[in-house]
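A short worksheet on the structure shown next.
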Amino acid sequence: MYKLIALDMDGTLLNDEKKITEKTKKTISEARKNGKYVVLCSGRPIEGIDRYLDELNMNTEDDYVISFNGSLVQHAANKKVIGKKTLKGEDLKYLFNISRELGVNIHGFSKEGCITPKISKYTELEGKINGITVKEFDYTKIEDKEDISKVMMIDEPEILQKAIDNLPKDLYEKYTVVRSAPYFLEFLNKDANKGTGVGMLAEHLGIKKEEVICVGDAGNDLHMIEYAGLGVAMKNATDDVKEKASYITKSNNEDGVAHVIEKFMLK
């Protein structure tokens with residue numbers, strides 16, 4: 001019945017050591033051999049996903065990847081974009097001004113990579129997590145119509161929470177806003193989220209949403225879990241994700257992804 005499974009990475013596919021277990025690798029390989037699409041769907045930029053695609057041998061012309069929380073859908077092999085819903089330079093500047101008013105750090109993703117007006121602890125963490133360089137960059141040099149994949153407010157959890165409590169209400173009308181970690185708050189195109197990302201790919205492949213499984217653990221996975229024919233929460237997922245899910249699997253340290261594939265795609 002199910003033809004495609006979209007997997008969040010951190011807290012889902014990856015265990016707490018940021019590794020994919022041999023059991024999970026084997027199960028994913030079996031699903032692909034059986035003609036199933038297995039797709040990584042992450043808030044990370046594509047550069048932060050590449051090494052895992054290589055590890056899983058999911059870098060062929062028949063493989064796809066969804067990055068930036070659904071903002072970009074690409075062929076894994078040649079990075080050709082098949083769907084995108086991005087922000088613009090004017091959004092980056094607007095959000096930067098708000099971040100200054102709220103006293104919170106910020107960075108964004110442009111054609112230059114991860115750019116920030118000021119290098120901070122959590123921008124450095126972003127670079128480390130994804131294996132990318134980060135640059136200090138003067139945002140006034142960004143063209144208003146330049147594509148910006150996403151913008152993030154990043155800071156100590158208590159500082160970020162205070163900023164969230166004081167965000168202008170119209171931001172939630174202008175953007176998709178998701179908290180992907182205690183220290184990361186992400187702003188995306190209003191029409192961009194993991195659900196629309198998976199939807200763009202499913203449409204491209206001619207797959208109905210009833211034939212899609214989505215697996216995740218955090219707030220930025222809610223849209224795809226709600227979209228899917230079978231929305232799955234990890235045992236370690238947040239309560240709001242578990243409430244929306246149709247099925248709760250084992251934790252990311254117990255091969256929860258492998259369990260879902262074996263139960264729903266290999267029988």
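By convention here, the chains of the structure tokens are called A, B, ... in the order presented, each chain's residues are numbered starting at 1, and ligands are numbered starting at 1 in the order presented.
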
Contacts of segment 127-135 of chain A at 7 Å or less, counting only C-alpha atoms, minus same-chain residues fewer than 6 places along, as a short mmCIF file (atom, residue, chain, number, x, y, z; two decimals) with N, CA, C and O atoms, in the first residue's frame?
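Contents of the output file result.cif:
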data_model
loop_
_atom_site.label_atom_id
_atom_site.label_comp_id
_atom_site.auth_asym_id
_atom_site.auth_seq_id
_atom_site.Cartn_x
_atom_site.Cartn_y
_atom_site.Cartn_z
N ARG A 44 17.77 20.66 7.73
CA ARG A 44 19.16 20.96 7.36
C ARG A 44 19.25 21.45 5.90
O ARG A 44 18.40 21.12 5.08
N GLU A 47 23.78 20.43 2.11
CA GLU A 47 25.16 20.07 2.46
C GLU A 47 25.22 19.27 3.75
O GLU A 47 26.14 18.47 3.95
N GLY A 48 24.26 19.49 4.62
CA GLY A 48 24.22 18.77 5.88
C GLY A 48 23.58 17.40 5.79
O GLY A 48 23.54 16.65 6.77
N GLY A 113 25.56 30.70 1.14
CA GLY A 113 25.60 29.71 2.21
C GLY A 113 24.94 30.25 3.46
O GLY A 113 23.99 31.02 3.39
N CYS A 114 25.43 29.85 4.62
CA CYS A 114 24.88 30.32 5.89
C CYS A 114 25.52 31.66 6.22
O CYS A 114 26.74 31.74 6.44
N ILE A 115 24.72 32.70 6.25
CA ILE A 115 25.24 34.05 6.45
C ILE A 115 24.63 34.69 7.69
O ILE A 115 23.45 34.49 7.99
N THR A 116 25.43 35.44 8.41
CA THR A 116 24.99 36.07 9.65
C THR A 116 25.67 37.42 9.82
O THR A 116 26.83 37.58 9.42
#

Please give the complete set of residues from segment 89-253 of chain A that DSSP, run on the backbone, assigns to helix (DSSP H, G or I), formatted as a ChimeraX atom specification. /A:89-102,121-130,139-141,157-165,171-174,194-205,209-211,219-227,239-244

What are the nearest atom pairs, with distances in Å to one decimal, for all residues of segment 194-265 of chain A that come at most 9 Å from segment 8-25 of chain A, using only C-alpha atoms, set out by chain and rising residue number as CSV?
residue,atom,partner,partner_atom,distance
A:Cys214,CA,A:Asp8,CA,8.0
A:Val215,CA,A:Asp8,CA,6.2
A:Gly216,CA,A:Asp8,CA,5.1
A:Asp217,CA,A:Gly11,CA,6.2
A:Ala218,CA,A:Gly11,CA,8.0
A:Asp221,CA,A:Asp8,CA,7.2
A:Ala233,CA,A:Thr12,CA,8.7
A:Met234,CA,A:Thr12,CA,6.6
A:Asn236,CA,A:Gly11,CA,7.5
A:Ala237,CA,A:Gly11,CA,7.9
A:Ser251,CA,A:Thr12,CA,7.5
A:Asn252,CA,A:Asn15,CA,5.0
A:Asn253,CA,A:Asn15,CA,5.0
A:Glu254,CA,A:Asn15,CA,8.2
A:Asp255,CA,A:Thr24,CA,6.2
A:Gly256,CA,A:Thr12,CA,7.5
A:Val257,CA,A:Leu13,CA,6.2
A:Ala258,CA,A:Thr24,CA,4.9
A:His259,CA,A:Thr24,CA,8.5

Let's have the selection written as a compact mmCIF listing (two decimals), in the first residue's frame, with all heavy atoms.
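Once everything was written out, this is again.txt:
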# COMPACT_ATOMS: atom_id res chain seq x y z
N CYS A 214 5.10 9.33 6.81
CA CYS A 214 6.04 10.35 7.28
C CYS A 214 6.36 10.08 8.74
O CYS A 214 5.45 9.81 9.54
CB CYS A 214 5.45 11.75 7.14
SG CYS A 214 5.27 12.30 5.42
N VAL A 215 7.64 10.17 9.09
CA VAL A 215 8.09 9.84 10.44
C VAL A 215 8.90 11.00 11.01
O VAL A 215 9.82 11.51 10.36
CB VAL A 215 8.98 8.58 10.43
CG1 VAL A 215 9.23 8.09 11.86
CG2 VAL A 215 8.37 7.47 9.59
N GLY A 216 8.56 11.41 12.24
CA GLY A 216 9.28 12.52 12.86
C GLY A 216 9.14 12.55 14.36
O GLY A 216 8.48 11.70 14.96
N ASP A 217 9.76 13.57 14.95
CA ASP A 217 9.78 13.65 16.42
C ASP A 217 9.56 15.04 16.98
O ASP A 217 9.33 15.19 18.18
CB ASP A 217 11.14 13.14 16.94
CG ASP A 217 12.27 14.12 16.70
OD1 ASP A 217 12.49 14.51 15.54
OD2 ASP A 217 12.92 14.53 17.66
N ALA A 218 9.64 16.08 16.13
CA ALA A 218 9.61 17.45 16.67
C ALA A 218 8.57 18.31 15.97
O ALA A 218 7.94 17.89 14.99
CB ALA A 218 11.00 18.07 16.54
N ASP A 221 8.07 18.65 12.28
CA ASP A 221 7.59 17.46 11.57
C ASP A 221 6.06 17.37 11.55
O ASP A 221 5.50 16.50 10.88
CB ASP A 221 8.14 16.19 12.22
CG ASP A 221 9.66 16.15 12.23
OD1 ASP A 221 10.25 16.46 11.19
OD2 ASP A 221 10.24 15.82 13.28
N ALA A 233 4.96 9.02 14.80
CA ALA A 233 5.79 9.72 15.79
C ALA A 233 6.76 8.74 16.42
O ALA A 233 6.43 7.57 16.66
CB ALA A 233 4.92 10.35 16.87
N MET A 234 7.96 9.21 16.69
CA MET A 234 8.93 8.41 17.42
C MET A 234 8.50 8.34 18.89
O MET A 234 7.81 9.22 19.40
CB MET A 234 10.32 9.05 17.33
CG MET A 234 10.83 9.26 15.91
SD MET A 234 11.00 7.73 14.99
CE MET A 234 12.43 6.99 15.83
N ASN A 236 10.32 8.95 21.25
CA ASN A 236 10.97 10.10 21.88
C ASN A 236 10.42 11.43 21.38
O ASN A 236 10.98 12.50 21.68
CB ASN A 236 12.48 10.06 21.63
CG ASN A 236 12.83 9.89 20.17
OD1 ASN A 236 12.69 8.79 19.63
ND2 ASN A 236 13.28 10.95 19.52
N ALA A 237 9.34 11.40 20.62
CA ALA A 237 8.76 12.63 20.06
C ALA A 237 8.13 13.49 21.14
O ALA A 237 7.79 13.02 22.23
CB ALA A 237 7.71 12.29 19.00
N SER A 251 11.85 4.32 19.81
CA SER A 251 12.64 5.55 19.84
C SER A 251 13.76 5.52 18.79
O SER A 251 14.03 4.49 18.16
CB SER A 251 13.26 5.74 21.23
OG SER A 251 14.40 4.91 21.39
N ASN A 252 14.41 6.66 18.63
CA ASN A 252 15.53 6.76 17.68
C ASN A 252 16.74 5.95 18.13
O ASN A 252 17.64 5.68 17.32
CB ASN A 252 15.93 8.22 17.46
CG ASN A 252 16.47 8.89 18.72
OD1 ASN A 252 15.93 8.71 19.81
ND2 ASN A 252 17.52 9.67 18.57
N ASN A 253 16.77 5.55 19.39
CA ASN A 253 17.85 4.70 19.88
C ASN A 253 17.48 3.21 19.88
O ASN A 253 18.26 2.37 20.31
CB ASN A 253 18.26 5.11 21.30
CG ASN A 253 18.92 6.48 21.33
OD1 ASN A 253 19.73 6.81 20.46
ND2 ASN A 253 18.57 7.30 22.30
N GLU A 254 16.26 2.93 19.37
CA GLU A 254 15.76 1.54 19.32
C GLU A 254 15.36 1.15 17.90
O GLU A 254 14.51 0.29 17.70
CB GLU A 254 14.54 1.41 20.24
CG GLU A 254 14.82 1.72 21.70
CD GLU A 254 13.55 1.78 22.54
OE1 GLU A 254 12.59 2.48 22.14
OE2 GLU A 254 13.52 1.12 23.60
N ASP A 255 15.98 1.79 16.92
CA ASP A 255 15.69 1.49 15.51
C ASP A 255 14.21 1.68 15.18
O ASP A 255 13.59 0.86 14.48
CB ASP A 255 16.13 0.06 15.15
CG ASP A 255 17.65 -0.09 15.20
OD1 ASP A 255 18.34 0.68 14.52
OD2 ASP A 255 18.13 -0.97 15.93
N GLY A 256 13.66 2.79 15.66
CA GLY A 256 12.24 3.05 15.41
C GLY A 256 11.89 3.16 13.94
O GLY A 256 10.82 2.72 13.51
N VAL A 257 12.78 3.72 13.14
CA VAL A 257 12.53 3.83 11.70
C VAL A 257 12.49 2.44 11.06
O VAL A 257 11.61 2.15 10.24
CB VAL A 257 13.62 4.71 11.03
CG1 VAL A 257 13.61 4.53 9.51
CG2 VAL A 257 13.39 6.18 11.38
N ALA A 258 13.44 1.59 11.42
CA ALA A 258 13.46 0.22 10.88
C ALA A 258 12.17 -0.51 11.23
O ALA A 258 11.61 -1.25 10.41
CB ALA A 258 14.67 -0.54 11.43
N HIS A 259 11.68 -0.30 12.44
CA HIS A 259 10.43 -0.94 12.88
C HIS A 259 9.26 -0.53 11.98
O HIS A 259 8.46 -1.38 11.57
CB HIS A 259 10.15 -0.57 14.34
CG HIS A 259 8.81 -1.03 14.83
ND1 HIS A 259 8.55 -2.35 15.14
CD2 HIS A 259 7.65 -0.34 15.05
CE1 HIS A 259 7.29 -2.46 15.54
NE2 HIS A 259 6.73 -1.26 15.49

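Look at Ser67 of chain A: the protein and nucleic acid residues within 8 Å of it, using only C-alpha atoms and passing over chain neighbours fewer than 3 places away, are A:Cys41, A:Ser42, A:Gly43, A:Arg44, A:Pro45, A:Ile46, A:Gly70, A:Ser71, A:Leu72, A:Val73.
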
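Compared by their closest atoms to Ile5 of chain A, and using only C-alpha atoms, the residues A:Val104, A:Asp144, A:Val212, A:Val232 rank with A:Val212 nearest.
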
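Between atom CA of Leu53 of chain A and atom CA of Lys3 of chain A lies a distance of 19.1 Å.
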